[in-house]
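Dumped input-v7.cif below, it's mmCIF, C-alpha atoms and all ligand atoms:
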```
data_run
#
loop_
_atom_site.label_atom_id
_atom_site.label_comp_id
_atom_site.auth_asym_id
_atom_site.auth_seq_id
_atom_site.Cartn_x
_atom_site.Cartn_y
_atom_site.Cartn_z
CA MET A 23 86.78 -78.34 10.32
CA ALA A 24 83.07 -78.62 10.84
CA SER A 25 82.49 -75.02 9.77
CA ARG A 26 84.61 -75.53 6.63
CA ARG A 27 82.54 -78.54 5.71
CA ALA A 28 79.34 -76.64 6.34
CA SER A 29 80.44 -73.81 4.08
CA ARG A 30 81.03 -76.10 1.12
CA PRO A 31 78.31 -76.32 -1.51
CA ASP A 32 75.60 -78.86 -0.92
CA PRO A 33 77.02 -82.10 -2.36
CA HIS A 34 73.55 -83.27 -3.36
CA SER A 35 72.70 -82.59 -6.96
CA GLU A 36 69.19 -81.53 -7.81
CA ALA A 37 68.46 -85.02 -9.14
CA GLN A 38 69.72 -86.61 -5.97
CA ARG A 39 67.61 -84.26 -3.91
CA ARG A 40 64.56 -85.16 -5.94
CA ARG A 41 65.33 -88.84 -5.46
CA ASN A 42 65.61 -88.28 -1.72
CA MET A 43 62.32 -86.44 -1.62
CA SER A 44 60.51 -89.14 -3.56
CA ARG A 45 62.03 -91.74 -1.26
CA ILE A 46 60.60 -89.92 1.71
CA ARG A 47 57.21 -89.98 0.05
CA SER A 48 56.93 -93.60 -1.00
CA ARG A 49 59.80 -95.11 -2.99
CA ASP A 50 62.32 -97.53 -1.61
CA THR A 51 60.63 -97.91 1.73
CA LYS A 52 61.99 -100.58 4.03
CA PRO A 53 59.15 -103.05 3.37
CA GLU A 54 59.61 -102.52 -0.37
CA LEU A 55 63.36 -103.15 -0.13
CA GLN A 56 62.72 -106.29 1.91
CA LEU A 57 60.34 -107.62 -0.69
CA ARG A 58 62.66 -106.73 -3.57
CA ARG A 59 65.57 -108.54 -1.93
CA ALA A 60 63.42 -111.60 -1.29
CA LEU A 61 62.12 -111.66 -4.88
CA HIS A 62 65.67 -111.30 -6.19
CA ALA A 63 66.89 -114.10 -3.91
CA ALA A 64 64.09 -116.26 -5.33
CA GLY A 65 65.56 -115.74 -8.80
CA LEU A 66 63.02 -113.20 -10.04
CA ARG A 67 64.38 -110.31 -12.09
CA TYR A 68 62.67 -106.97 -12.49
CA ARG A 69 62.96 -103.27 -13.20
CA LEU A 70 62.23 -100.56 -10.68
CA HIS A 71 59.91 -97.55 -10.69
CA ASP A 72 59.21 -97.42 -14.40
CA ARG A 73 58.00 -93.89 -14.98
CA ARG A 74 56.78 -94.73 -18.46
CA LEU A 75 54.00 -96.83 -16.95
CA PRO A 76 50.85 -95.42 -15.30
CA GLY A 77 51.39 -94.86 -11.59
CA THR A 78 55.15 -95.61 -11.83
CA PRO A 79 54.89 -99.18 -10.54
CA ASP A 80 57.48 -100.07 -7.89
CA ILE A 81 58.53 -103.41 -9.37
CA VAL A 82 58.13 -104.21 -13.06
CA PHE A 83 58.42 -107.58 -14.81
CA PRO A 84 58.47 -106.60 -18.49
CA GLY A 85 58.70 -110.15 -19.86
CA ARG A 86 55.70 -111.26 -17.83
CA ARG A 87 53.87 -108.01 -18.47
CA ALA A 88 53.21 -107.73 -14.75
CA VAL A 89 53.84 -105.10 -12.11
CA ILE A 90 53.88 -104.98 -8.33
CA PHE A 91 52.88 -101.96 -6.28
CA VAL A 92 54.03 -101.92 -2.67
CA HIS A 93 51.50 -99.63 -1.03
CA GLY A 94 52.05 -97.91 2.28
CA CYS A 95 48.84 -98.55 4.22
CA PHE A 96 48.55 -95.01 5.57
CA TRP A 97 49.28 -93.16 2.32
CA HIS A 98 47.02 -95.38 0.25
CA GLY A 99 44.18 -95.57 2.76
CA HIS A 100 44.19 -99.29 3.47
CA ASP A 101 41.51 -100.62 5.81
CA CYS A 102 43.92 -102.17 8.35
CA PRO A 103 45.59 -101.51 11.72
CA LEU A 104 48.56 -99.70 10.12
CA SER A 105 46.31 -97.04 8.67
CA ILE A 106 45.11 -94.59 11.27
CA THR A 107 43.94 -91.14 10.30
CA PRO A 108 45.79 -88.53 12.37
CA ALA A 109 43.69 -86.74 14.96
CA THR A 110 45.01 -83.36 13.84
CA ARG A 111 44.49 -81.89 10.37
CA THR A 112 42.16 -84.80 9.78
CA GLU A 113 40.50 -83.28 6.75
CA PHE A 114 43.85 -82.52 5.14
CA TRP A 115 44.98 -86.13 5.49
CA GLU A 116 41.66 -87.60 4.44
CA ASP A 117 41.67 -85.46 1.34
CA LYS A 118 45.27 -86.39 0.52
CA ILE A 119 44.62 -90.09 1.01
CA ARG A 120 41.41 -89.92 -1.04
CA ARG A 121 43.37 -88.35 -3.90
CA ASN A 122 46.02 -91.06 -3.64
CA ARG A 123 43.35 -93.74 -3.82
CA THR A 124 41.75 -92.13 -6.84
CA ARG A 125 45.14 -92.01 -8.54
CA ASP A 126 45.81 -95.66 -7.62
CA SER A 127 42.53 -96.77 -9.15
CA ALA A 128 43.18 -94.78 -12.33
CA SER A 129 46.72 -96.20 -12.63
CA GLU A 130 45.51 -99.76 -12.15
CA ALA A 131 42.75 -99.31 -14.70
CA ALA A 132 45.22 -97.83 -17.22
CA LEU A 133 47.70 -100.66 -16.67
CA LEU A 134 45.04 -103.35 -17.00
CA GLY A 135 43.75 -101.60 -20.11
CA ALA A 136 47.23 -101.70 -21.61
CA GLY A 137 47.51 -105.43 -20.99
CA TRP A 138 49.53 -105.36 -17.80
CA ARG A 139 48.69 -107.49 -14.77
CA VAL A 140 48.75 -105.82 -11.38
CA LEU A 141 49.72 -107.20 -7.97
CA THR A 142 49.39 -104.94 -4.96
CA VAL A 143 51.36 -105.86 -1.85
CA TRP A 144 50.14 -103.89 1.14
CA GLU A 145 52.64 -102.74 3.71
CA CYS A 146 50.76 -104.63 6.46
CA ALA A 147 51.73 -107.92 4.77
CA LEU A 148 55.39 -106.99 5.34
CA ARG A 149 55.36 -105.01 8.56
CA GLY A 150 53.46 -104.85 11.85
CA ARG A 151 51.60 -107.42 13.90
CA GLU A 152 49.64 -108.79 10.93
CA ARG A 153 52.67 -109.31 8.72
CA ARG A 154 53.12 -112.60 6.92
CA PRO A 155 56.27 -114.69 6.53
CA LEU A 156 58.34 -113.26 3.69
CA ASP A 157 58.67 -116.64 1.95
CA GLU A 158 54.89 -116.92 1.92
CA ILE A 159 54.62 -113.51 0.24
CA VAL A 160 57.28 -114.45 -2.28
CA SER A 161 55.49 -117.67 -3.23
CA ALA A 162 52.18 -115.82 -3.53
CA ALA A 163 53.90 -113.25 -5.76
CA ARG A 164 55.49 -115.99 -7.85
CA LYS A 165 52.12 -117.70 -8.22
CA PHE A 166 50.68 -114.46 -9.49
CA LEU A 167 53.59 -113.85 -11.85
CA ASP A 168 53.40 -117.37 -13.26
CA GLY A 169 49.61 -117.43 -13.41
CA GLY A 170 46.98 -115.68 -15.45
CA GLU A 171 45.20 -113.54 -12.87
CA LEU A 172 44.88 -109.94 -13.98
CA TYR A 173 44.66 -108.46 -10.53
CA GLU A 174 45.69 -109.73 -7.12
CA LEU A 175 46.51 -108.34 -3.72
CA ILE A 176 48.49 -109.52 -0.74
CA ARG A 177 47.70 -108.02 2.62
CA GLY A 178 48.53 -108.71 6.24
CA GLY A 179 46.53 -110.94 8.48
CA ALA A 180 45.39 -113.63 6.07
CA ALA A 181 47.78 -116.29 7.33
CA ALA A 182 47.13 -115.49 10.97
CA GLU A 183 43.68 -117.04 10.72
CA GLY A 184 44.93 -120.50 9.84
CA VAL A 185 43.32 -120.75 6.44
CA ASP A 186 46.35 -121.90 4.48
CA SER A 187 44.37 -124.52 2.57
CA ASP A 188 41.71 -121.92 1.81
CA GLY A 189 44.28 -119.32 0.88
CA ASP A 190 42.94 -118.90 -2.62
CA LEU A 191 39.38 -118.54 -1.45
CA GLN A 192 40.42 -115.97 1.10
CA ALA A 193 42.46 -114.05 -1.48
CA ARG A 194 39.41 -113.93 -3.73
CA GLN A 195 37.21 -112.75 -0.88
CA LEU A 196 39.69 -110.05 0.05
CA GLN A 197 39.96 -109.04 -3.57
CA ARG A 198 36.18 -108.77 -3.88
CA ALA A 199 35.93 -106.82 -0.61
CA GLU A 200 38.62 -104.47 -1.83
CA ARG A 201 36.83 -103.91 -5.14
CA GLU A 202 33.53 -103.24 -3.38
CA ARG A 203 35.18 -100.79 -1.05
CA ARG A 204 36.34 -98.64 -3.97
ZN ZN A 301 47.39 -102.48 5.38
#
```

As structure tokens, what does this structure read like?
Amino acid sequence: MASRRASRPDPHSEAQRRRNMSRIRSRDTKPELQLRRALHAAGLRYRLHDRRLPGTPDIVFPGRRAVIFVHGCFWHGHDCPLSITPATRTEFWEDKIRRNRTRDSASEAALLGAGWRVLTVWECALRGRERRPLDEIVSAARKFLDGGELYELIRGGAAAEGVDSDGDLQARQLQRAERERR
């Protein structure tokens, strides 16, 4: 029985295989799925992975002309505890991550230039010891979607420091730090 099954053609079509590969790389990660479910539960409606837009944003709100990227901290070189450069093949990884960051910056610039607003949610906001409550992330995302900011980011750790009332100030500081780091 097992050998008969094994001898059958691979049931995965080429398209399916490509989807699987891209999923392994960055799409539909668990933190992204968590966020999508929470946004949907909050009544927000969106499109996914729109390849017509620069950088293929993960979550797209066409009516609000806004997109959300959910960035894996390792792959996108975030300065946080989830992003540790491997001890082996260090140069390979650093080069790969540097190229990803360059691509991210170019995509964001192209989106902003085309009149889109860009929210980046870092993986560390959703996963790991610095993660933030999901409802807090959803309300921050909603605030961005309803507001007029062109660029915003949500990362882990911010709420852990007890600065809820200064949340906006902290977000601006983080945003500035992130810009300067580029
Ligand atoms: Zn991070």

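Candidate residues A:Pro79, A:Pro84, A:Gly150, A:Gly135 were compared for distance to ligand ZN 301 (chain A), and the nearest is A:Gly150, using all atoms listed in the file.
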
*Rounded to one decimal place, report the atom CA of A:Leu57-atom CA of A:Ile119 distance in Å.*
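Between atom CA of A:Leu57 and atom CA of A:Ile119 the gap works out to 23.6 Å.
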
*For A:His93, which residue among A:Glu145, A:Asp80, A:Glu116, A:Glu174 is the nearest when counting only C-alpha atoms?*
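The closest residue to A:His93 is A:Glu145.
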
*Using all atoms listed in the file, which protein or nucleic acid residues are at most 9 Å from ligand ZN 301 (chain A), as a PyMOL selection string?*
chain A and resi 93-96+98-105+143-147+149+152+177-178

*Quote the spacing between atom CA of A:Gly179 and atom CA of A:Gln56 in Å to one decimal place.*
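These two atoms are separated by 18.1 Å.
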
*So how far away is atom CA of A:Arg121 from atom CA of A:Ile176, in Å?*
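Computing it gives 22.0 Å between the two atoms.
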
*Out of A:Leu156, A:Leu70, A:Ala88, A:Val82, which residue has the shortest atom-to-atom distance to A:Asp168 when counting all atoms listed in the file?*
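So, comparing all the options, the nearest one is A:Ala88.
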
_Show me, as a PyMOL selection string, the residues that have an atom within 12 Å of A:Leu55 when counting all atoms listed in the file, minus same-chain residues fewer than 2 positions from it._
chain A and resi 45+48-53+57-62+70+80-81+92+145+148-149+156

*At most 10 Å from (48.1, -108.3, -15.0), file frame, all atoms listed in the file: which residues, as a PyMOL selection string?*
chain A and resi 86-90+130+133-141+166-167+169-174

Let me have the centre and edge lengths of the axis-aligned box enclosing all listed atoms of stretch 126-141 of chain A with 8 Å padding on every side, in Å to one decimal, as AutoDock Vina command-line options.
```
--center_x 46.1 --center_y -101.1 --center_z -14.6 --size_x 23.2 --size_y 28.7 --size_z 30.0
```

_Which residue of A:Arg125, A:Glu113, A:Trp97, A:Gly85 approaches A:Arg69 most closely, using all atoms listed in the file_ =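 Selected residue with least distance to A:Arg69: A:Gly85.
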
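Proximity to A:Pro76 was assessed for A:Ala109, A:Ala128, A:Ala64, A:Leu175 counting only C-alpha atoms; the smallest distance is recorded for A:Ala128.
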
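Of the listed residues A:Phe83, A:Arg123, A:Glu54, A:Ala131, the one whose atoms come nearest to A:Arg67 is A:Phe83, with distances taken using only C-alpha atoms.
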
I need stretch 52-182 of chain A written out with C-alpha atoms, as a tab-separated table (two decimals), in the first residue's frame; please produce it.
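Full text of selection-v2.tsv as output:
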```tsv
chain	number	residue	atom	x	y	z
A	52	LYS	CA	2.23	31.60	12.04
A	53	PRO	CA	2.56	35.15	13.42
A	54	GLU	CA	1.13	36.50	10.16
A	55	LEU	CA	-1.83	34.11	10.31
A	56	GLN	CA	-2.46	35.08	13.93
A	57	LEU	CA	-2.51	38.75	13.04
A	58	ARG	CA	-4.74	38.18	10.00
A	59	ARG	CA	-7.27	36.25	12.07
A	60	ALA	CA	-7.29	38.95	14.74
A	61	LEU	CA	-7.75	41.73	12.16
A	62	HIS	CA	-10.57	39.78	10.52
A	63	ALA	CA	-12.23	39.17	13.89
A	64	ALA	CA	-12.04	42.93	14.49
A	65	GLY	CA	-14.09	43.45	11.32
A	66	LEU	CA	-11.24	44.56	9.07
A	67	ARG	CA	-11.27	43.23	5.51
A	68	TYR	CA	-8.23	42.93	3.30
A	69	ARG	CA	-6.53	41.22	0.39
A	70	LEU	CA	-3.46	39.05	0.70
A	71	HIS	CA	-0.03	39.14	-0.93
A	72	ASP	CA	-0.85	41.48	-3.78
A	73	ARG	CA	1.89	40.83	-6.31
A	74	ARG	CA	0.95	43.90	-8.32
A	75	LEU	CA	2.27	46.10	-5.51
A	76	PRO	CA	5.97	46.70	-4.76
A	77	GLY	CA	7.31	44.12	-2.33
A	78	THR	CA	4.09	42.03	-2.48
A	79	PRO	CA	2.65	43.35	0.79
A	80	ASP	CA	1.28	40.64	3.09
A	81	ILE	CA	-2.01	42.36	3.94
A	82	VAL	CA	-3.57	44.96	1.65
A	83	PHE	CA	-6.43	47.37	2.40
A	84	PRO	CA	-7.27	48.74	-1.06
A	85	GLY	CA	-10.04	51.09	0.10
A	86	ARG	CA	-7.79	52.67	2.71
A	87	ARG	CA	-4.80	52.62	0.39
A	88	ALA	CA	-2.77	51.01	3.14
A	89	VAL	CA	-0.68	47.87	3.44
A	90	ILE	CA	0.78	45.82	6.26
A	91	PHE	CA	4.05	43.93	6.05
A	92	VAL	CA	4.61	41.25	8.66
A	93	HIS	CA	8.38	40.99	8.77
A	94	GLY	CA	10.25	38.01	10.17
A	95	CYS	CA	12.90	39.55	12.43
A	96	PHE	CA	15.70	37.26	11.28
A	97	TRP	CA	15.05	37.51	7.53
A	98	HIS	CA	14.57	41.25	7.60
A	99	GLY	CA	17.43	42.01	9.98
A	100	HIS	CA	15.50	43.52	12.87
A	101	ASP	CA	17.51	44.83	15.81
A	102	CYS	CA	15.83	42.63	18.46
A	103	PRO	CA	16.29	39.40	20.44
A	104	LEU	CA	14.64	37.26	17.73
A	105	SER	CA	17.27	38.22	15.19
A	106	ILE	CA	20.55	36.46	15.79
A	107	THR	CA	23.06	36.03	13.00
A	108	PRO	CA	24.05	32.36	12.74
A	109	ALA	CA	27.58	31.56	13.84
A	110	THR	CA	28.21	29.53	10.70
A	111	ARG	CA	28.15	30.94	7.17
A	112	THR	CA	27.87	34.32	8.82
A	113	GLU	CA	28.81	36.27	5.73
A	114	PHE	CA	26.26	34.41	3.63
A	115	TRP	CA	23.46	35.27	6.04
A	116	GLU	CA	24.57	38.85	6.54
A	117	ASP	CA	24.65	39.37	2.81
A	118	LYS	CA	21.23	37.78	2.35
A	119	ILE	CA	19.70	39.85	5.13
A	120	ARG	CA	21.32	43.04	3.82
A	121	ARG	CA	19.77	42.38	0.41
A	122	ASN	CA	16.38	41.78	2.01
A	123	ARG	CA	16.64	45.08	3.87
A	124	THR	CA	17.59	46.93	0.72
A	125	ARG	CA	14.60	45.41	-1.05
A	126	ASP	CA	12.32	46.32	1.88
A	127	SER	CA	13.43	49.94	1.78
A	128	ALA	CA	12.94	50.12	-1.99
A	129	SER	CA	9.47	48.56	-1.74
A	130	GLU	CA	8.41	50.95	1.01
A	131	ALA	CA	9.68	53.94	-0.92
A	132	ALA	CA	7.86	52.80	-4.07
A	133	LEU	CA	4.62	52.23	-2.15
A	134	LEU	CA	4.80	55.60	-0.40
A	135	GLY	CA	5.59	57.21	-3.74
A	136	ALA	CA	2.48	55.64	-5.24
A	137	GLY	CA	0.31	57.01	-2.44
A	138	TRP	CA	0.11	53.93	-0.27
A	139	ARG	CA	0.60	54.01	3.50
A	140	VAL	CA	2.81	51.37	5.04
A	141	LEU	CA	2.58	49.63	8.42
A	142	THR	CA	5.29	47.16	9.35
A	143	VAL	CA	4.50	44.65	12.09
A	144	TRP	CA	7.66	42.95	13.28
A	145	GLU	CA	7.52	39.30	14.24
A	146	CYS	CA	8.78	40.14	17.76
A	147	ALA	CA	5.51	42.01	18.42
A	148	LEU	CA	3.66	38.72	17.85
A	149	ARG	CA	6.06	36.07	19.08
A	150	GLY	CA	8.75	35.59	21.73
A	151	ARG	CA	9.33	37.11	25.13
A	152	GLU	CA	8.81	40.70	23.94
A	153	ARG	CA	5.50	40.01	22.22
A	154	ARG	CA	2.57	42.30	22.86
A	155	PRO	CA	-1.07	41.39	23.51
A	156	LEU	CA	-2.77	40.70	20.19
A	157	ASP	CA	-5.65	43.09	20.95
A	158	GLU	CA	-3.13	45.86	21.54
A	159	ILE	CA	-1.55	45.19	18.14
A	160	VAL	CA	-4.96	45.13	16.48
A	161	SER	CA	-5.93	48.49	17.98
A	162	ALA	CA	-2.59	49.99	16.97
A	163	ALA	CA	-3.15	48.66	13.44
A	164	ARG	CA	-6.68	50.03	13.38
A	165	LYS	CA	-5.43	53.41	14.57
A	166	PHE	CA	-2.96	53.43	11.72
A	167	LEU	CA	-5.57	52.33	9.17
A	168	ASP	CA	-8.04	54.98	10.33
A	169	GLY	CA	-5.42	57.70	10.69
A	170	GLY	CA	-3.27	59.69	8.33
A	171	GLU	CA	0.23	58.50	9.17
A	172	LEU	CA	2.16	57.47	6.09
A	173	TYR	CA	4.49	55.09	7.83
A	174	GLU	CA	4.29	53.25	11.13
A	175	LEU	CA	5.80	50.22	12.77
A	176	ILE	CA	4.81	47.90	15.58
A	177	ARG	CA	7.53	45.95	17.30
A	178	GLY	CA	7.88	43.85	20.42
A	179	GLY	CA	8.84	45.19	23.78
A	180	ALA	CA	7.16	48.58	23.75
A	181	ALA	CA	4.36	47.64	26.12
A	182	ALA	CA	6.66	45.79	28.48
```
